[in-house]
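K.L.:
Below is one structure. I have some questions about it.
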Amino acid sequence: MHQRSVVRVGASLLVASLALTACGSRGGETGGGTDKKTATIGMIVPLSGDLAALGLGMRNSAELAIKQANEANAIPGWTLKLDAKDDEAKGDVGANAATLLSGNKDVVAVIGTLNSGVSEKVQPILSSAKIAQISPANTNPSLTKGAKWASDPKRTYPGYFRTCTTDAIQGPFAARYLFTTAGIKKIATVHDKKTYGQGLVESFSEEYKKLGGQIALAETVNPDDSDFSAVISKIKAAGVQAVYAGGESPVTGPLSNQMKTAGLKLPLMGGDGMFNAKYLELAAKNAEGDLSTSVGAPPETLPSAKKYLDDYAAAKLPDPYEAYGPYAYDAANAIIEGLKISLKDAKDVESARQPTIDAIGGVKFDGATGAVSFDQYGDSTAKVLTTYQVKAGKWVAVETKDFAKP
């Protein structure tokens, strides 16, 4: 609590610093004798609600990248500012935020969303305004390759990119860990019917069965369910060795807690949506032994992330960077790299929107998460993932692999 009170002061200073920079540009601050113009990078993430911790870590990281770009005069003649909107992890709220941002002639690109289901609502709105979108956290494969992503991939929105890998990689990665490394041959699956949860379980199940594993039970719950006794009774009767769950921590945490309380002492495994502090809080002591995969390697182990981590700590930001902070930092810098090209000779922001999309598609740089670049669908070319396990009340990395390498 003491640290939180101290770091809030630091966050205010960061925000004040950004505001002063932006105000200076509007007030006629000169750079080499010429008034600076302002370009806005929008952001759509949950800043309130159950997933706010993830969104706040993403917002702080994007602010940090933009502040650093302004201080370095990364784009001569231009000042960048961030306009972060709260989507509450809800599709309709995210769509409203996208409409507001696309109506602002100063918005050139958007970072977000956190949830794949929210992005489904946001993508067509930003695309129609030719505004580039980079998500640090969306993992559903259909967002880049369309509904038939496995058999007939087609890029639906050319302005959409992401800096994290997808569930087409994460699901099989988890399946191989459970079947091969953990030796678990018979499981139950549960998902929350949302775009993320359902897609993750589908990609996991396909690989698990291909390896020879048995899925003895496949169940669904609702995103707002709080009593899982009915599905737990079915899992008990199925005689499985583990449960694989597709959903975020507000569903998976209570599910694990109620399973263990009911005497079902099995590990629950899921994806990046449960890899956060909220899961540990909701599953409480019953989280011990549970497993999660998440995108990338642990930032603390990456030499490429050291400067980001040092700068984040030095800024004394009020919230942890959480699972997607480094990916939001890289998303902001991917946009900034694109703007170095698209804004160079632009007369205004609106005319630079399509050139920004074109430029982002070709960016390559060393980011906090490692090498950052995009393939022909807008997906990250990085395919590194990590399996974490709850040990002594904390998430601990147990295996990191590059899925692109056999």
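For the structure tokens, the naming scheme is as follows: chains receive sequential letters (A, B, ...) according to their order of presentation, residues are indexed from 1 within each chain, and ligands are indexed from 1 in presentation order.
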Just the residues within 6 Å of A:Gly289, please, counting only C-alpha atoms, with nothing from its chain fewer than 6 positions along; format it as a list in words.

P.N.:
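Neighbouring residues, sequence-local ones excluded: Pro267, Gln389 and Val390 of chain A.
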
K.L.:
Give the alpha helix (DSSP H) residues of stretch 103-316 of chain A, as DSSP finds them on the backbone, and put them as an MDAnalysis selection string.

P.N.:
chainID A and resid 116:128 142:145 167:176 195:211 229:238 249:261 277:283 306:314

K.L.:
Find, counting only C-alpha atoms, the residue in A:Ala368, A:Ile336, A:Glu300, A:Ala382 that gets nearest to A:Lys67.

P.N.:
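Residue with the minimum atom-to-atom distance to A:Lys67: A:Ile336.
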
K.L.:
For the atom pair atom CA of A:Arg176 and atom CA of A:Lys209, what is the interatomic distance in Å to one decimal place?

P.N.:
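Atom CA of A:Lys209 lies 10.4 Å from atom CA of A:Arg176.
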
K.L.:
Could you give me, as a ChimeraX atom specification, the residues within 10 Å of stretch 43-47 of chain A, counting only C-alpha atoms and dropping anything in the same chain fewer than 4 positions from it?

P.N.:
/A:51-59,62,82-90,93-95,97-98,101,109-115,118-119,122,133-135,137,328,332

K.L.:
What separation in Å, quoted to one decimal, exists between atom CA of A:Tyr244 and atom CA of A:Ala175?

P.N.:
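Atom-to-atom, atom CA of A:Tyr244 and atom CA of A:Ala175 are spaced 9.1 Å apart.
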
K.L.:
Would you work out the distance separating atom CA of A:Gly367 from atom CA of A:Ala39, expressed in Å to one decimal?

P.N.:
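Result for atom CA of A:Gly367 versus atom CA of A:Ala39: 22.2 Å, one decimal.
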
K.L.:
Calculated over only C-alpha atoms, which of the candidates A:Thr220, A:Pro250, A:Ala323, A:Met259 has the smallest distance to A:Lys236?

P.N.:
A:Met259

K.L.:
List the spatial neighbours of A:Gly183 as a list of chain:residue names - criterion: any atom at most 10 Å away, only C-alpha atoms, same-chain residues fewer than 4 positions off excluded.

P.N.:
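Contacts, in chain order: A:Arg176, A:Tyr177, A:Leu178, A:Phe179, A:Gly213, A:Gln241.
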
K.L.:
Could you pull out the strand (DSSP E or B) residues of stretch 59-229 of chain A from DSSP and send them as a PyMOL selection string?

P.N.:
chain A and resi 78-86+107-112+132-135+160-162+186-191+214-220

K.L.:
Produce a file of the selected residues containing N, CA, C and O atoms, as a compact mmCIF listing (two decimals), in the first residue's frame.

P.N.:
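Just written: part-v1.txt:
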```txt
# COMPACT_ATOMS: atom_id res chain seq x y z
N TRP A 78 6.50 16.95 -35.19
CA TRP A 78 5.28 16.37 -34.64
C TRP A 78 5.44 16.02 -33.17
O TRP A 78 6.49 15.56 -32.74
N THR A 79 4.37 16.23 -32.43
CA THR A 79 4.25 15.75 -31.06
C THR A 79 3.16 14.68 -31.02
O THR A 79 2.12 14.84 -31.66
N LEU A 80 3.42 13.61 -30.29
CA LEU A 80 2.44 12.52 -30.16
C LEU A 80 1.74 12.61 -28.82
O LEU A 80 2.33 13.01 -27.82
N LYS A 81 0.46 12.25 -28.78
CA LYS A 81 -0.26 12.15 -27.52
C LYS A 81 -1.10 10.88 -27.52
O LYS A 81 -1.42 10.34 -28.59
N LEU A 82 -1.43 10.41 -26.33
CA LEU A 82 -2.24 9.20 -26.18
C LEU A 82 -3.63 9.57 -25.71
O LEU A 82 -3.79 10.39 -24.80
N ASP A 83 -4.64 8.97 -26.33
CA ASP A 83 -6.02 9.13 -25.88
C ASP A 83 -6.56 7.74 -25.55
O ASP A 83 -6.95 6.98 -26.44
N ALA A 84 -6.52 7.37 -24.27
CA ALA A 84 -6.92 6.02 -23.84
C ALA A 84 -8.39 5.99 -23.45
O ALA A 84 -8.85 6.79 -22.63
N LYS A 85 -9.14 5.09 -24.06
CA LYS A 85 -10.57 4.91 -23.77
C LYS A 85 -10.78 3.60 -23.00
O LYS A 85 -10.15 2.58 -23.31
N ASP A 86 -11.72 3.62 -22.07
CA ASP A 86 -12.07 2.43 -21.28
C ASP A 86 -13.15 1.63 -21.99
O ASP A 86 -14.26 2.13 -22.20
N VAL A 107 -6.56 11.45 -34.80
CA VAL A 107 -6.19 10.07 -34.45
C VAL A 107 -5.63 9.37 -35.69
O VAL A 107 -6.30 9.29 -36.73
N VAL A 108 -4.44 8.83 -35.54
CA VAL A 108 -3.77 8.20 -36.69
C VAL A 108 -3.67 6.68 -36.53
O VAL A 108 -3.53 5.96 -37.52
N ALA A 109 -3.75 6.18 -35.29
CA ALA A 109 -3.65 4.74 -35.05
C ALA A 109 -4.21 4.45 -33.66
O ALA A 109 -4.38 5.37 -32.85
N VAL A 110 -4.51 3.19 -33.41
CA VAL A 110 -5.09 2.78 -32.12
C VAL A 110 -4.37 1.54 -31.61
O VAL A 110 -4.09 0.60 -32.36
N ILE A 111 -4.08 1.53 -30.31
CA ILE A 111 -3.53 0.35 -29.63
C ILE A 111 -4.68 -0.34 -28.89
O ILE A 111 -5.44 0.31 -28.17
N GLY A 112 -4.82 -1.64 -29.01
CA GLY A 112 -5.88 -2.38 -28.34
C GLY A 112 -6.58 -3.29 -29.34
O GLY A 112 -6.25 -3.30 -30.52
N ALA A 132 -4.98 2.44 -38.43
CA ALA A 132 -4.24 1.24 -38.05
C ALA A 132 -4.58 0.84 -36.62
O ALA A 132 -4.74 1.70 -35.75
N GLN A 133 -4.69 -0.47 -36.38
CA GLN A 133 -4.94 -1.00 -35.04
C GLN A 133 -3.90 -2.06 -34.74
O GLN A 133 -3.70 -2.97 -35.54
N ILE A 134 -3.23 -1.94 -33.59
CA ILE A 134 -2.30 -2.98 -33.16
C ILE A 134 -2.72 -3.45 -31.77
O ILE A 134 -2.75 -2.68 -30.82
N SER A 135 -3.06 -4.72 -31.67
CA SER A 135 -3.42 -5.29 -30.36
C SER A 135 -2.19 -5.92 -29.72
O SER A 135 -1.49 -6.70 -30.35
N TYR A 160 -5.19 -4.14 -39.41
CA TYR A 160 -5.10 -4.77 -38.09
C TYR A 160 -3.81 -5.57 -37.95
O TYR A 160 -3.46 -6.37 -38.81
N PHE A 161 -3.12 -5.37 -36.81
CA PHE A 161 -1.88 -6.08 -36.51
C PHE A 161 -1.91 -6.51 -35.03
O PHE A 161 -2.74 -6.04 -34.27
N ARG A 162 -1.01 -7.40 -34.66
CA ARG A 162 -0.86 -7.70 -33.23
C ARG A 162 0.59 -8.07 -32.92
O ARG A 162 1.28 -8.67 -33.75
N LYS A 186 -5.89 -37.93 -20.00
CA LYS A 186 -7.36 -37.88 -20.00
C LYS A 186 -7.81 -36.62 -19.26
O LYS A 186 -7.51 -36.46 -18.08
N ILE A 187 -8.53 -35.76 -19.98
CA ILE A 187 -8.89 -34.47 -19.39
C ILE A 187 -10.35 -34.11 -19.68
O ILE A 187 -11.03 -34.76 -20.49
N ALA A 188 -10.80 -33.05 -19.03
CA ALA A 188 -12.08 -32.40 -19.35
C ALA A 188 -11.77 -30.98 -19.82
O ALA A 188 -10.78 -30.37 -19.39
N THR A 189 -12.59 -30.44 -20.71
CA THR A 189 -12.44 -29.04 -21.12
C THR A 189 -13.70 -28.26 -20.75
O THR A 189 -14.80 -28.81 -20.72
N VAL A 190 -13.47 -26.98 -20.45
CA VAL A 190 -14.57 -26.06 -20.14
C VAL A 190 -14.24 -24.73 -20.79
O VAL A 190 -13.09 -24.27 -20.71
N HIS A 191 -15.21 -24.10 -21.46
CA HIS A 191 -14.97 -22.73 -21.92
C HIS A 191 -16.20 -21.87 -21.67
O HIS A 191 -17.31 -22.38 -21.40
N GLN A 214 -7.20 -38.12 -24.52
CA GLN A 214 -8.65 -38.33 -24.49
C GLN A 214 -9.34 -37.15 -23.80
O GLN A 214 -9.01 -36.82 -22.66
N ILE A 215 -10.28 -36.55 -24.49
CA ILE A 215 -11.11 -35.51 -23.88
C ILE A 215 -12.42 -36.19 -23.48
O ILE A 215 -13.31 -36.42 -24.30
N ALA A 216 -12.51 -36.53 -22.19
CA ALA A 216 -13.64 -37.32 -21.71
C ALA A 216 -14.89 -36.49 -21.53
O ALA A 216 -16.00 -37.04 -21.48
N LEU A 217 -14.73 -35.17 -21.44
CA LEU A 217 -15.87 -34.30 -21.19
C LEU A 217 -15.58 -32.91 -21.77
O LEU A 217 -14.48 -32.38 -21.57
N ALA A 218 -16.53 -32.34 -22.49
CA ALA A 218 -16.39 -30.99 -23.03
C ALA A 218 -17.61 -30.18 -22.59
O ALA A 218 -18.72 -30.42 -23.07
N GLU A 219 -17.40 -29.22 -21.68
CA GLU A 219 -18.49 -28.46 -21.09
C GLU A 219 -18.34 -26.96 -21.38
O GLU A 219 -17.24 -26.48 -21.71
N THR A 220 -19.44 -26.24 -21.25
CA THR A 220 -19.40 -24.78 -21.36
C THR A 220 -20.09 -24.17 -20.15
O THR A 220 -20.93 -24.80 -19.50
```

K.L.:
Between A:Asp225, A:Ile235, A:Asp35, A:Ala230, which one has atoms that come closest to A:Pro254, using only C-alpha atoms?

P.N.:
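Residue with the minimum atom-to-atom distance to A:Pro254: A:Asp225.
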
K.L.:
Do a neighbour search on A:Thr356 at 9 Å with only C-alpha atoms, toss out local chain neighbours closer than 6 positions, and write the hits as an mmCIF file with N, CA, C and O atoms, in the first residue's frame.

P.N.:
```cif
data_model
loop_
_atom_site.group_PDB
_atom_site.id
_atom_site.type_symbol
_atom_site.label_atom_id
_atom_site.label_comp_id
_atom_site.auth_asym_id
_atom_site.auth_seq_id
_atom_site.Cartn_x
_atom_site.Cartn_y
_atom_site.Cartn_z
ATOM 1 N N VAL A 108 -4.436 8.830 -35.543
ATOM 2 C CA VAL A 108 -3.767 8.196 -36.686
ATOM 3 C C VAL A 108 -3.670 6.682 -36.526
ATOM 4 O O VAL A 108 -3.531 5.959 -37.518
ATOM 5 N N ALA A 109 -3.749 6.176 -35.289
ATOM 6 C CA ALA A 109 -3.649 4.738 -35.045
ATOM 7 C C ALA A 109 -4.207 4.452 -33.664
ATOM 8 O O ALA A 109 -4.376 5.367 -32.851
ATOM 9 N N ILE A 131 -7.817 3.554 -40.060
ATOM 10 C CA ILE A 131 -6.965 3.759 -38.884
ATOM 11 C C ILE A 131 -6.304 2.436 -38.514
ATOM 12 O O ILE A 131 -6.984 1.423 -38.316
ATOM 13 N N ALA A 132 -4.977 2.444 -38.427
ATOM 14 C CA ALA A 132 -4.242 1.235 -38.046
ATOM 15 C C ALA A 132 -4.579 0.840 -36.616
ATOM 16 O O ALA A 132 -4.741 1.697 -35.749
ATOM 17 N N GLY A 159 -5.631 -3.187 -41.930
ATOM 18 C CA GLY A 159 -5.024 -2.260 -40.968
ATOM 19 C C GLY A 159 -4.839 -2.842 -39.584
ATOM 20 O O GLY A 159 -4.404 -2.158 -38.673
ATOM 21 N N ILE A 335 3.927 1.541 -33.994
ATOM 22 C CA ILE A 335 3.202 2.673 -34.599
ATOM 23 C C ILE A 335 4.156 3.854 -34.805
ATOM 24 O O ILE A 335 4.151 4.509 -35.864
ATOM 25 N N GLY A 338 6.257 3.404 -37.736
ATOM 26 C CA GLY A 338 5.483 3.667 -38.948
ATOM 27 C C GLY A 338 5.272 5.148 -39.182
ATOM 28 O O GLY A 338 5.345 5.639 -40.324
ATOM 29 N N LEU A 339 5.041 5.889 -38.101
ATOM 30 C CA LEU A 339 4.797 7.334 -38.227
ATOM 31 C C LEU A 339 6.050 8.091 -38.669
ATOM 32 O O LEU A 339 5.940 9.168 -39.272
ATOM 33 N N LYS A 340 7.202 7.541 -38.368
ATOM 34 C CA LYS A 340 8.440 8.194 -38.840
ATOM 35 C C LYS A 340 8.433 8.300 -40.369
ATOM 36 O O LYS A 340 9.004 9.225 -40.943
ATOM 37 N N ILE A 341 7.764 7.363 -41.015
ATOM 38 C CA ILE A 341 7.660 7.372 -42.484
ATOM 39 C C ILE A 341 6.416 8.143 -42.933
ATOM 40 O O ILE A 341 6.495 9.033 -43.777
ATOM 41 N N SER A 342 5.265 7.824 -42.330
ATOM 42 C CA SER A 342 4.003 8.371 -42.847
ATOM 43 C C SER A 342 3.795 9.850 -42.523
ATOM 44 O O SER A 342 3.108 10.561 -43.265
ATOM 45 N N LEU A 343 4.359 10.331 -41.424
ATOM 46 C CA LEU A 343 4.159 11.740 -41.050
ATOM 47 C C LEU A 343 5.252 12.660 -41.592
ATOM 48 O O LEU A 343 5.130 13.887 -41.492
#
```

K.L.:
Within 8 Å of A:Thr99, counting only C-alpha atoms, which residues qualify if same-chain residues fewer than 3 places away don't, as a list in words?

P.N.:
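Those residues are Ala95, Asn96, Ser102, Gly103, Ile125 and Leu126 of chain A.
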
K.L.:
Can I get the selection written as a compact mmCIF listing (two decimals), in the first residue's frame, with N, CA, C and O atoms?

P.N.:
```txt
# COMPACT_ATOMS: atom_id res chain seq x y z
N ALA A 95 -16.86 -0.63 -29.08
CA ALA A 95 -17.31 -0.10 -30.37
C ALA A 95 -17.59 1.41 -30.27
O ALA A 95 -17.24 2.18 -31.18
N ASN A 96 -18.18 1.83 -29.17
CA ASN A 96 -18.41 3.26 -28.98
C ASN A 96 -17.09 4.04 -28.90
O ASN A 96 -16.96 5.14 -29.44
N SER A 102 -12.35 7.29 -34.15
CA SER A 102 -12.29 7.42 -35.62
C SER A 102 -12.88 8.75 -36.09
O SER A 102 -12.59 9.21 -37.19
N GLY A 103 -13.72 9.37 -35.24
CA GLY A 103 -14.28 10.67 -35.60
C GLY A 103 -13.35 11.83 -35.29
O GLY A 103 -13.65 12.98 -35.64
N ILE A 125 -14.94 -0.74 -37.51
CA ILE A 125 -15.08 0.71 -37.33
C ILE A 125 -13.76 1.41 -37.65
O ILE A 125 -13.72 2.39 -38.42
N LEU A 126 -12.68 0.91 -37.10
CA LEU A 126 -11.38 1.52 -37.35
C LEU A 126 -10.95 1.29 -38.80
O LEU A 126 -10.35 2.18 -39.44
```

K.L.:
Determine the nearest neighbour of A:Tyr208 from the options A:Ala334, A:Leu280, A:Ala287, A:Ile184, counting only C-alpha atoms.

P.N.:
A:Ile184
